[in-house]
Each structure stands twice: as C-alpha cells, then as structure tokens.
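Trainee: Pasting start.txt below, which is compact mmCIF, C-alpha atoms.
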# COMPACT_ATOMS: atom_id res chain seq x y z
CA MET Q 10 4.66 -32.02 -32.85
CA GLY Q 11 6.85 -31.00 -29.94
CA PHE Q 12 8.01 -34.57 -29.61
CA LEU Q 13 8.72 -34.95 -33.33
CA SER Q 14 10.63 -31.71 -33.62
CA ARG Q 15 12.67 -32.68 -30.59
CA LEU Q 16 13.35 -36.05 -32.20
CA PHE Q 17 14.62 -34.47 -35.41
CA HIS Q 18 16.43 -31.55 -33.83
CA GLY Q 19 18.26 -33.42 -31.13
CA ASN Q 20 19.81 -30.36 -29.52
CA HIS Q 21 16.71 -28.16 -29.70
CA LYS Q 22 17.08 -25.25 -27.28
CA SER Q 23 14.15 -23.79 -25.42
CA SER Q 24 13.73 -20.04 -25.87
CA LYS Q 25 14.49 -19.65 -22.19
CA THR Q 26 17.91 -21.26 -22.65
CA ILE Q 27 18.64 -18.89 -25.51
CA ALA Q 28 17.43 -15.96 -23.41
CA LYS Q 29 19.67 -16.96 -20.55
CA GLU Q 30 22.76 -17.25 -22.74
CA ARG Q 31 22.07 -13.87 -24.33
CA LEU Q 32 21.46 -12.34 -20.92
CA ARG Q 33 24.73 -13.69 -19.56
CA LEU Q 34 26.65 -12.13 -22.46
CA VAL Q 35 24.92 -8.78 -22.39
CA LEU Q 36 25.29 -8.43 -18.62
CA ALA Q 37 28.98 -9.32 -18.79
CA HIS Q 38 29.50 -6.61 -21.43
CA ASP Q 39 27.39 -4.03 -19.55
CA ARG Q 40 29.14 -4.66 -16.25
CA SER Q 41 32.68 -4.69 -17.64
CA GLY Q 42 32.41 -1.14 -18.94
CA ILE Q 43 34.67 -2.20 -21.83
CA PRO Q 44 33.49 -0.47 -25.00
CA PRO Q 45 33.01 -2.68 -28.08
CA GLU Q 46 35.81 -0.85 -29.98
CA LEU Q 47 38.31 -1.73 -27.28
CA LEU Q 48 37.21 -5.35 -27.33
CA ASN Q 49 37.76 -5.34 -31.09
CA VAL Q 50 41.26 -3.84 -30.71
CA MET Q 51 42.15 -6.52 -28.16
CA LYS Q 52 40.78 -9.21 -30.43
CA ASN Q 53 42.99 -8.06 -33.32
CA GLU Q 54 46.06 -7.88 -31.13
CA ILE Q 55 45.43 -11.38 -29.81
CA ILE Q 56 45.12 -12.65 -33.39
CA VAL Q 57 48.41 -11.00 -34.36
CA ALA Q 58 50.17 -12.51 -31.36
CA ILE Q 59 48.85 -16.00 -31.95
CA SER Q 60 49.33 -15.89 -35.73
CA LYS Q 61 53.09 -15.63 -35.17
CA HIS Q 62 53.04 -19.23 -34.03
CA VAL Q 63 50.04 -20.93 -35.55
CA ARG Q 64 47.75 -20.38 -38.53
CA VAL Q 65 44.27 -19.47 -37.31
CA ASP Q 66 40.84 -19.48 -38.93
CA ARG Q 67 40.03 -15.77 -38.77
CA ASP Q 68 36.34 -16.26 -39.60
CA GLY Q 69 35.87 -18.68 -36.76
CA ILE Q 70 37.33 -16.44 -34.07
CA GLU Q 71 35.07 -15.41 -31.23
CA VAL Q 72 36.19 -13.06 -28.51
CA SER Q 73 33.68 -12.19 -25.84
CA LEU Q 74 33.27 -11.35 -22.20
CA SER Q 75 31.65 -13.72 -19.79
CA GLN Q 76 30.87 -13.54 -16.14
CA THR Q 77 31.06 -16.32 -13.61
CA ARG Q 78 30.76 -15.90 -9.88
CA GLY Q 79 31.28 -12.17 -10.03
CA HIS Q 80 34.45 -12.30 -12.14
CA THR Q 81 34.48 -10.92 -15.64
CA ARG Q 82 36.63 -12.89 -18.02
CA LEU Q 83 37.72 -12.40 -21.58
CA VAL Q 84 37.03 -15.59 -23.50
CA ALA Q 85 38.76 -16.11 -26.83
CA ASP Q 86 37.80 -19.04 -29.00
CA ILE Q 87 40.40 -19.23 -31.77
CA PRO Q 88 40.29 -22.17 -34.17
CA ILE Q 89 43.77 -23.25 -35.26
CA VAL Q 90 44.09 -24.43 -38.84
CA SER Q 91 47.66 -25.70 -38.64
CA THR Q 92 50.92 -24.98 -36.91
CA ARG Q 93 53.27 -22.88 -39.00
CA PRO Q 94 56.08 -24.90 -40.57
CA GLY Q 95 59.26 -24.59 -38.59
CA VAL Q 96 57.48 -23.48 -35.46
CA THR Q 97 57.40 -26.12 -32.80
CA PRO Q 98 56.62 -25.77 -29.12
CA ASN Q 99 60.29 -26.35 -28.33
CA SER Q 100 61.60 -23.64 -30.63
CA SER Q 101 59.08 -21.13 -29.36
CA GLU Q 102 59.96 -21.82 -25.75
CA ARG Q 103 63.70 -21.57 -26.19
CA GLY Q 104 65.48 -20.70 -23.03
CA THR Q 105 62.59 -21.12 -20.67
CA ARG Q 106 63.81 -24.45 -19.33
CA MET B 26 10.51 3.70 16.11
CA PRO B 27 10.93 5.69 12.88
CA GLY B 28 9.61 4.03 9.75
CA ARG B 29 11.51 2.59 6.82
CA VAL B 30 11.74 4.39 3.51
CA VAL B 31 11.58 1.89 0.65
CA THR B 32 11.94 3.01 -2.96
CA VAL B 33 10.41 0.88 -5.71
CA THR B 34 12.35 1.26 -8.94
CA SER B 35 13.23 -0.61 -12.14
CA GLY B 36 14.99 1.41 -14.81
CA LYS B 37 12.70 0.10 -17.52
CA GLY B 38 9.17 1.40 -17.69
CA GLY B 39 6.06 -0.73 -17.83
CA VAL B 40 7.22 -3.51 -15.53
CA GLY B 41 4.59 -2.69 -12.90
CA LYS B 42 6.31 -0.40 -10.39
CA THR B 43 3.25 1.74 -9.73
CA THR B 44 0.84 -1.16 -9.43
CA LEU B 45 3.24 -2.94 -7.09
CA THR B 46 3.74 0.16 -4.96
CA ALA B 47 -0.03 0.59 -4.60
CA ASN B 48 -0.60 -3.07 -3.76
CA LEU B 49 2.27 -3.30 -1.30
CA ALA B 50 1.05 -0.13 0.40
CA VAL B 51 -2.42 -1.65 0.77
CA ALA B 52 -1.05 -5.01 1.93
CA LEU B 53 1.17 -3.34 4.55
CA ALA B 54 -1.75 -1.20 5.75
CA LEU B 55 -3.89 -4.35 6.06
CA LEU B 56 -1.16 -5.76 8.31
CA GLY B 57 -1.83 -2.80 10.58
CA ARG B 58 1.20 -0.77 9.50
CA ARG B 59 1.00 2.98 8.93
CA VAL B 60 2.01 3.59 5.31
CA THR B 61 2.47 6.61 3.09
CA ALA B 62 3.03 6.06 -0.62
CA ILE B 63 4.85 8.82 -2.52
CA ASP B 64 4.58 9.28 -6.27
CA THR B 65 7.79 10.86 -7.57
CA ASP B 66 6.90 10.47 -11.25
CA ILE B 67 6.41 14.20 -11.68
CA GLY B 68 4.63 15.07 -14.92
CA LEU B 69 3.34 11.50 -15.32
CA ARG B 70 1.44 11.00 -12.10
CA ASN B 71 -0.30 7.63 -11.91
CA LEU B 72 -0.14 6.21 -8.40
CA ASP B 73 -3.23 8.30 -7.52
CA ILE B 74 -5.29 6.63 -10.23
CA VAL B 75 -4.16 3.10 -9.34
CA MET B 76 -5.08 3.80 -5.71
CA GLY B 77 -8.42 5.39 -6.68
CA MET B 78 -7.59 8.80 -5.23
CA GLU B 79 -7.35 10.88 -8.41
CA ASN B 80 -10.39 13.03 -7.58
CA ARG B 81 -9.21 14.10 -4.16
CA ILE B 82 -5.89 15.77 -4.95
CA ILE B 83 -5.49 19.38 -3.83
CA TYR B 84 -1.75 19.75 -3.25
CA ASP B 85 1.13 17.64 -4.52
CA ILE B 86 4.80 16.92 -3.85
CA VAL B 87 5.97 20.03 -5.74
CA ASP B 88 3.70 22.24 -3.61
CA VAL B 89 5.24 20.68 -0.50
CA ALA B 90 8.81 21.09 -1.80
CA GLU B 91 8.19 24.71 -2.70
CA GLY B 92 6.52 25.47 0.62
CA ARG B 93 3.07 26.30 -0.77
CA CYS B 94 1.46 23.93 1.75
CA HIS B 95 2.30 21.79 4.74
CA LEU B 96 3.13 18.17 4.10
CA SER B 97 0.03 17.07 6.03
CA GLN B 98 -2.20 19.14 3.72
CA ALA B 99 -0.97 17.29 0.65
CA LEU B 100 -1.54 13.79 2.05
CA ILE B 101 -4.67 11.98 0.89
CA ARG B 102 -6.12 9.38 3.23
CA ASP B 103 -7.37 6.10 1.84
CA LYS B 104 -11.13 5.63 2.16
CA ARG B 105 -10.90 2.03 3.36
CA LEU B 106 -7.66 1.92 5.31
CA SER B 107 -7.12 4.66 7.87
CA GLY B 108 -3.37 3.96 8.09
CA LEU B 109 -2.76 4.51 4.39
CA HIS B 110 -1.92 7.84 2.74
CA LEU B 111 -0.72 9.08 -0.64
CA LEU B 112 1.51 12.02 -1.46
CA PRO B 113 0.75 12.56 -5.14
CA ALA B 114 3.12 13.77 -7.85
CA SER B 115 2.46 16.96 -9.73
CA GLN B 116 1.04 16.52 -13.21
CA THR B 117 2.05 19.93 -14.52
CA HIS B 118 5.77 20.11 -13.73
CA ASP B 119 8.71 17.99 -14.81
CA LYS B 120 11.30 15.94 -12.95
CA SER B 121 13.50 18.97 -12.27
CA ALA B 122 10.74 20.60 -10.19
CA VAL B 123 12.06 18.89 -7.06
CA ARG B 124 15.59 18.17 -5.93
CA PRO B 125 16.85 14.95 -4.28
CA GLU B 126 17.44 16.80 -0.97
CA GLU B 127 13.82 17.97 -0.96
CA VAL B 128 12.48 14.46 -1.50
CA ALA B 129 14.84 13.14 1.18
CA ALA B 130 13.55 15.79 3.61
CA ILE B 131 9.94 14.84 2.87
CA CYS B 132 10.76 11.14 3.43
CA GLU B 133 12.49 12.04 6.67
CA GLU B 134 9.44 13.93 7.92
CA LEU B 135 7.04 11.13 6.90
CA ARG B 136 9.21 8.51 8.58
CA GLY B 137 8.18 9.92 11.96
CA ASP B 138 4.47 9.14 11.51
CA ASN B 139 4.72 5.98 9.44
CA ASP B 140 6.02 2.44 9.67
CA PHE B 141 6.68 2.44 5.93
CA VAL B 142 7.19 5.17 3.36
CA LEU B 143 6.96 3.62 -0.12
CA VAL B 144 8.42 5.73 -2.91
CA ASP B 145 7.33 4.99 -6.47
CA SER B 146 9.93 6.09 -9.01
CA PRO B 147 9.69 7.18 -12.61
CA ALA B 148 11.18 4.99 -15.33
CA GLY B 149 14.68 5.85 -16.43
CA ILE B 150 18.00 6.47 -14.74
CA GLU B 151 18.11 10.26 -14.97
CA GLY B 152 17.26 12.90 -12.40
CA GLY B 153 13.93 11.34 -11.46
CA PHE B 154 15.71 8.18 -10.32
CA TYR B 155 17.97 10.15 -7.98
CA ASN B 156 14.95 12.01 -6.58
CA ALA B 157 13.21 8.72 -5.86
CA VAL B 158 16.13 7.04 -4.10
CA ALA B 159 17.41 10.10 -2.21
CA GLY B 160 15.62 9.26 1.04
CA ALA B 161 15.65 5.47 0.73
CA ASP B 162 16.77 3.05 3.42
CA GLU B 163 16.20 0.23 1.00
CA ILE B 164 15.64 -0.16 -2.71
CA VAL B 165 13.27 -2.69 -4.21
CA ILE B 166 13.98 -3.42 -7.84
CA VAL B 167 11.14 -4.62 -10.02
CA THR B 168 11.67 -6.66 -13.15
CA THR B 169 9.68 -8.97 -15.37
CA PRO B 170 11.23 -12.22 -16.63
CA GLU B 171 12.20 -10.58 -19.92
CA LEU B 172 15.71 -9.82 -21.15
CA SER B 173 15.17 -6.08 -21.57
CA ALA B 174 13.74 -5.67 -18.08
CA VAL B 175 16.41 -7.85 -16.42
CA ARG B 176 19.16 -5.94 -18.20
CA SER B 177 17.70 -2.62 -17.01
CA ALA B 178 17.39 -4.01 -13.49
CA ASP B 179 21.08 -4.89 -13.55
CA ARG B 180 21.93 -1.33 -14.53
CA VAL B 181 19.81 0.07 -11.69
CA ILE B 182 21.37 -2.31 -9.15
CA GLY B 183 24.78 -1.01 -10.26
CA LEU B 184 23.66 2.61 -9.98
CA ALA B 185 22.12 2.03 -6.56
CA GLU B 186 25.35 0.46 -5.35
CA SER B 187 27.40 3.35 -6.74
CA ILE B 188 25.50 5.80 -4.51
CA GLY B 189 25.58 3.57 -1.46
CA LYS B 190 21.93 2.48 -1.66
CA GLY B 191 22.38 -1.01 -3.05
CA PRO B 192 22.10 -3.77 -3.82
CA GLY B 193 18.48 -3.88 -2.68
CA ARG B 194 16.04 -6.72 -3.10
CA LEU B 195 14.25 -7.96 -6.20
CA ILE B 196 10.62 -8.52 -7.13
CA ILE B 197 9.97 -10.54 -10.26
CA ASN B 198 6.64 -9.39 -11.61
CA ARG B 199 4.23 -10.95 -14.11
CA ILE B 200 5.79 -14.39 -14.26
CA LYS B 201 3.71 -16.87 -16.26
CA PRO B 202 3.96 -20.34 -14.69
CA SER B 203 2.74 -22.07 -17.87
CA MET B 204 5.46 -20.45 -19.98
CA VAL B 205 8.09 -21.24 -17.35
CA LYS B 206 6.93 -24.85 -17.34
CA ARG B 207 7.37 -25.26 -21.09
CA GLY B 208 10.78 -23.57 -21.07
CA ASP B 209 9.74 -20.33 -22.76
CA MET B 210 10.29 -17.94 -19.89
CA LEU B 211 13.20 -17.23 -17.58
CA ASP B 212 12.35 -18.66 -14.18
CA THR B 213 12.97 -17.22 -10.75
CA PHE B 214 16.30 -18.96 -10.41
CA ASP B 215 17.55 -17.75 -13.81
CA VAL B 216 16.80 -14.13 -12.92
CA ILE B 217 18.25 -14.30 -9.41
CA GLU B 218 21.37 -16.01 -10.67
CA SER B 219 21.91 -13.41 -13.39
CA LEU B 220 21.40 -10.42 -11.11
CA ALA B 221 23.03 -11.89 -7.98
CA ILE B 222 20.56 -10.13 -5.69
CA GLU B 223 18.29 -11.24 -2.88
CA LEU B 224 14.73 -12.15 -3.87
CA LEU B 225 11.90 -10.31 -2.12
CA GLY B 226 9.03 -11.83 -4.04
CA VAL B 227 7.54 -13.27 -7.21
CA VAL B 228 4.19 -12.07 -8.54
CA PRO B 229 2.36 -14.18 -11.13
CA ASP B 230 0.76 -12.56 -14.14
CA ASP B 231 -2.87 -12.09 -13.19
CA GLU B 232 -5.67 -10.33 -15.09
CA ALA B 233 -7.32 -9.52 -11.78
CA VAL B 234 -4.60 -6.90 -11.18
CA ILE B 235 -5.84 -4.90 -14.18
CA VAL B 236 -9.50 -5.37 -13.28
CA ALA B 237 -8.76 -4.03 -9.81
CA ALA B 238 -6.79 -1.09 -11.20
CA ASN B 239 -9.72 -0.28 -13.49
CA LYS B 240 -11.89 0.13 -10.41
CA GLY B 241 -9.27 2.07 -8.48
CA VAL B 242 -9.24 -0.53 -5.73
CA PRO B 243 -5.83 -2.27 -5.61
CA LEU B 244 -6.14 -6.04 -5.75
CA ALA B 245 -4.38 -6.46 -2.40
CA ASN B 246 -7.64 -5.31 -0.76
CA GLU B 247 -8.91 -8.83 -1.43
CA GLN B 248 -6.89 -11.96 -0.80
CA SER B 249 -8.66 -14.10 -3.34
CA THR B 250 -6.14 -14.44 -6.16
CA GLN B 251 -2.59 -15.69 -6.47
CA ALA B 252 -1.23 -12.26 -7.32
CA SER B 253 -2.90 -10.82 -4.25
CA ARG B 254 -1.41 -13.56 -2.07
CA ALA B 255 1.98 -12.72 -3.56
CA PHE B 256 1.54 -9.02 -2.61
CA HIS B 257 0.69 -10.01 0.95
CA ASN B 258 3.65 -12.38 1.17
CA ILE B 259 5.98 -9.60 0.01
CA ALA B 260 4.48 -7.18 2.53
CA ARG B 261 5.04 -9.70 5.32
CA ARG B 262 8.65 -10.20 4.21
CA MET B 263 9.08 -6.42 4.31
CA THR B 264 8.03 -6.46 7.95
CA GLY B 265 10.78 -8.98 8.65
CA GLU B 266 8.65 -12.11 8.70
CA GLU B 267 10.05 -15.20 6.99
CA VAL B 268 7.55 -16.31 4.38
CA PRO B 269 8.36 -19.25 2.09
CA PHE B 270 8.13 -18.67 -1.65
CA MET B 271 5.09 -20.16 -3.34
CA PRO B 272 6.22 -23.25 -5.28
CA ILE B 273 3.82 -22.69 -8.17
CA PHE B 274 5.92 -19.92 -9.73
CA GLU B 275 9.07 -21.91 -9.75
CA ALA B 276 10.58 -24.18 -12.32
CA PRO B 277 10.12 -27.92 -12.05
CA GLY B 278 12.78 -29.62 -9.98
CA SER B 279 14.42 -28.54 -6.80
CA LEU B 280 14.29 -24.83 -7.41
CA LEU B 281 13.78 -24.02 -3.78
CA ASN B 282 17.05 -25.66 -2.95
CA ARG B 283 18.82 -23.95 -5.81
CA LEU B 284 17.34 -20.67 -4.67
CA ARG B 285 18.44 -21.23 -1.13
CA ARG B 286 21.92 -21.85 -2.39
CA ALA B 287 21.80 -18.76 -4.56
CA ILE B 288 20.70 -16.62 -1.64
CA THR B 289 22.92 -18.02 1.08
CA GLY B 290 25.90 -19.04 -1.02
Please go through the file and, once you have read it, give me the structure as structure tokens.
Mentor:
Amino acid sequence: MGFLSRLFHGNHKSSKTIAKERLRLVLAHDRSGIPPELLNVMKNEIIVAISKHVRVDRDGIEVSLSQTRGHTRLVADIPIVSTRPGVTPNSSERGTR
Amino acid sequence: MPGRVVTVTSGKGGVGKTTLTANLAVALALLGRRVTAIDTDIGLRNLDIVMGMENRIIYDIVDVAEGRCHLSQALIRDKRLSGLHLLPASQTHDKSAVRPEEVAAICEELRGDNDFVLVDSPAGIEGGFYNAVAGADEIVIVTTPELSAVRSADRVIGLAESIGKGPGRLIINRIKPSMVKRGDMLDTFDVIESLAIELLGVVPDDEAVIVAANKGVPLANEQSTQASRAFHNIARRMTGEEVPFMPIFEAPGSLLNRLRRAITG
C-alpha cells in the first residue's frame, strides 16, 4: 500500500516533512515580531510597486517570512502574467547607465 | 564548591517537565551528587507525587518564603537516596504567593548544601515562569517532537535570552523511534535545527515511566529501560561528562554527523 501510493503520488510528502515546513514558517513569524496586519500592508505595497511595470497574478501571490541561519527574510513569490505594453526593461531603467 | 541551580521549563504543559525533573534528580543522586528538587508550580503541586513523597509534606515553599518555617524544616528527604531532597510547592496558594527574589534567595541558600538544585516550573510564560528561572544558573528546556511543543520551546528560549538566562540546553522527550523511522515524527536533528540550541538529551517514549510514576518510584531508580538509560545519560552530561547520544533515537543516515555540525557549526 505504501509502495503503491508512493508510486502514484510521486512527490508524496511524509507528515514529518510537512511538520518541518510548517514549523519553519511559524517560527520565522513568531521570531520576527512582525504582526500579520503589517505583513499584509507590505504585501499590498509590493504588489502596487510591481504592478506599475508588469501584470501580476494577484491570486498566486505569496508573501511570507522565512528564516535561514538566524536571518529573517521576507520572501515574495509573485507570478507575472505579462509585461505591460510599452514597458521594457530599458525604458524603466532610463538614466541609470 | 557551591552547587548549580538548573531550572527545567517548557512553556507548554504536559511535555513531561515534572517527570523529567524527578528522574534527573534521582539519576544525579545515584551518581553520588547532593540534589534538592524544588516544585515551583504553586497551586498545582505534583513533583511530590511523582517522587512518592506526597504523604510526608509538612511545610512548603510558601511557608519558607513567608518565614513560617526554616528552609531545612520544609525539605523532605528521599527514603532511598540520602542525598536527595524535595522542597514542595504549596497546593493552596497561587503563583503570586512567592516573588522571584524569594525563590532566588531559596535557591541561593540551597546551593550551599547541594551539588544540584533542580527547579521544576509551571507551564506558561507568566509570573510562575519568572519565579522558576529567578535563581537559575542554567535553563533546561523540555519539548516533545510536536509542532506545538517546539513552538512553545522557541518562545521560552527567546524569553530566557531576554532576561539573560538563555539560551539553555534542550531535552527532547517522548520521541518514538518507530514513528521517526517511517517519517511521521520530527527527529532530533529537525528539532535542534529549528531551535538552534544545544542538545542535552533525548528520551524515548516509554510506558515504564508511567508505571514507575504510578508507584511513586521514579524510573531512574532502575537502569533497566531505554528511558531510564536516557535519564542517566542526561544526568552524566549535567555533571560535565561527555556522553554520546544513543543512536536508536536518531533518524536513519548520518544524523550524528549532522548533529555534530549543528552543535559545533
């Protein structure tokens, strides 16, 4: 049974792996002292900033805190649907080079 | 040489603080150390019952703090081990009946006649926690390999550090090797890595612990089971001896090496 289910669900995760991922997230949030409302405000501001240049998939956005080697980091996963017409990397970086 | 005051704490209740305190006290006494265990869980006293001393209490920690008796009058001597004593909690007061300075003063006095003073704390991170850690030289944090307990342990490590008592060392209690083996329980390495704290010991889940507590004779009095061996290993580490971790509680693979890296690196 274990073998079969592993065969059919190729990326089957053990409950320990799930536990560890959840633990990592919850500890990063607890340790940061950043309240969820603030995280949400930052998320919205990031979306506004990025949406000026590219069209993003709002439903697919994930903003979270993670912790590696004692450093808390804000991780934003923002799927881009398409670049906005007329906006190219060159035009947005005018004057920097 | 004055003894060490070690507070056993966890944040979350029900992870086995009291049972561990009793067993470590017995194991240290069996190593020839003079030990006094203090129950600071005022209003919910339990260390007496785990140690089989519940019928011999006359005075308690609140009586000592309020000056109704001398400290020596409140200490109960173990029937088997002459170097082992208990200072019981009061069952009729609440946590506010003693202040952190009073507990610290009691620890300070006991330090003179003991090699180890083990302080059992109440669950929670309110006043009772600060009472329990007030006199501590070292904090031992107890967790089980469950998310809720590990999260609480992380909180307590943070609190301990914020008052200059941290980070302490960790005991992972009630680990089930069979569940670890099939990937359904966090293993030693997972917990240590998440909490970034030094490991003091790992105790396997063992029914014999409950059987022993039923009889009021802590399991560490015998050395027959794995849990008892784990208690004795922890006690020896507390005395400064280097004792390797038992491989049976660890995940398959080179956990020892990973652990070594986690501890030294």
Trainee: Select, from B:His257, B:Arg59, B:Lys120, B:Arg207, the residue with the minimum atom-to-atom distance to chain Q, counting all atoms listed in the file.
Mentor: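 Selected residue with least distance to chain Q: B:Arg207.
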Trainee: Please check the contacts: residues of chain Q at most 10 Å away from chain B, using all atoms listed in the file, listed as number ranges by chain.
Mentor: Q: 22-29, 31-33, 35-37, 39-40, 76-79
Trainee: Could you check how far CA of Val234 (chain B) sits from CA of Ile67 (chain B), in Å to one decimal?
Mentor: 23.8 Å
Trainee: Box time for region 72-77 of chain B: axis-aligned, enclosing all its listed atoms, 4 Å extra on each side; report centre and edge lengths in Å to one decimal, as JSON.
Mentor:
{"center_x": -4.3, "center_y": 5.7, "center_z": -8.0, "size_x": 16.3, "size_y": 13.2, "size_z": 12.5}
Trainee: Could you work out how far CA of Val165 (chain B) lies from CA of Thr213 (chain B), giving the answer in Å with one decimal?
Mentor: 15.9 Å
Trainee: Looking at only C-alpha atoms, which of Q:His38, Q:Arg82, Q:Lys52, Q:Ile43 is the one that sits closest to Arg67 (chain Q)?
Mentor: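 When distances to Arg67 (chain Q) are compared using only C-alpha atoms, the smallest one comes from Q:Lys52.
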Trainee: Report, in Å to a single decimal, how far apart CA of Thr32 (chain B) and CA of Glu163 (chain B) are.
Mentor: 6.4 Å
Trainee: Counting all atoms listed in the file, which of B:Ala255, B:Ile131, B:Ala148, B:Leu225 gets nearest to Thr43 (chain B)?
Mentor: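 Of B:Ala255, B:Ile131, B:Ala148, B:Leu225, the one nearest Thr43 (chain B) is B:Ala148, counting all atoms listed in the file.
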Trainee: Could you tell me which of B:Gly108, B:Pro113, B:Gly189, B:Pro269 comes closest to Val227 (chain B) if we count all atoms listed in the file?
Mentor: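 Among B:Gly108, B:Pro113, B:Gly189, B:Pro269, it is B:Pro269 that comes nearest to Val227 (chain B).
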Trainee: Give me the residues near Ser35 (chain B) as a VMD selection string, where near means some atom within 6 Å (using all atoms listed in the file) and where sequence neighbours in that chain fewer than 6 positions away do not count.
Mentor: chain B and resid 166 to 167 178
Trainee: With a distance cut-off of 9 Å and all atoms listed in the file, select the neighbouring residues of region 70-77 of chain B, excluding the residue or stretch itself and same-chain residues fewer than 6 positions from it, and output the selection as a PyMOL selection string.
Mentor: chain B and resi 43-44+46-48+51+62-64+103+111-116+145+237-243
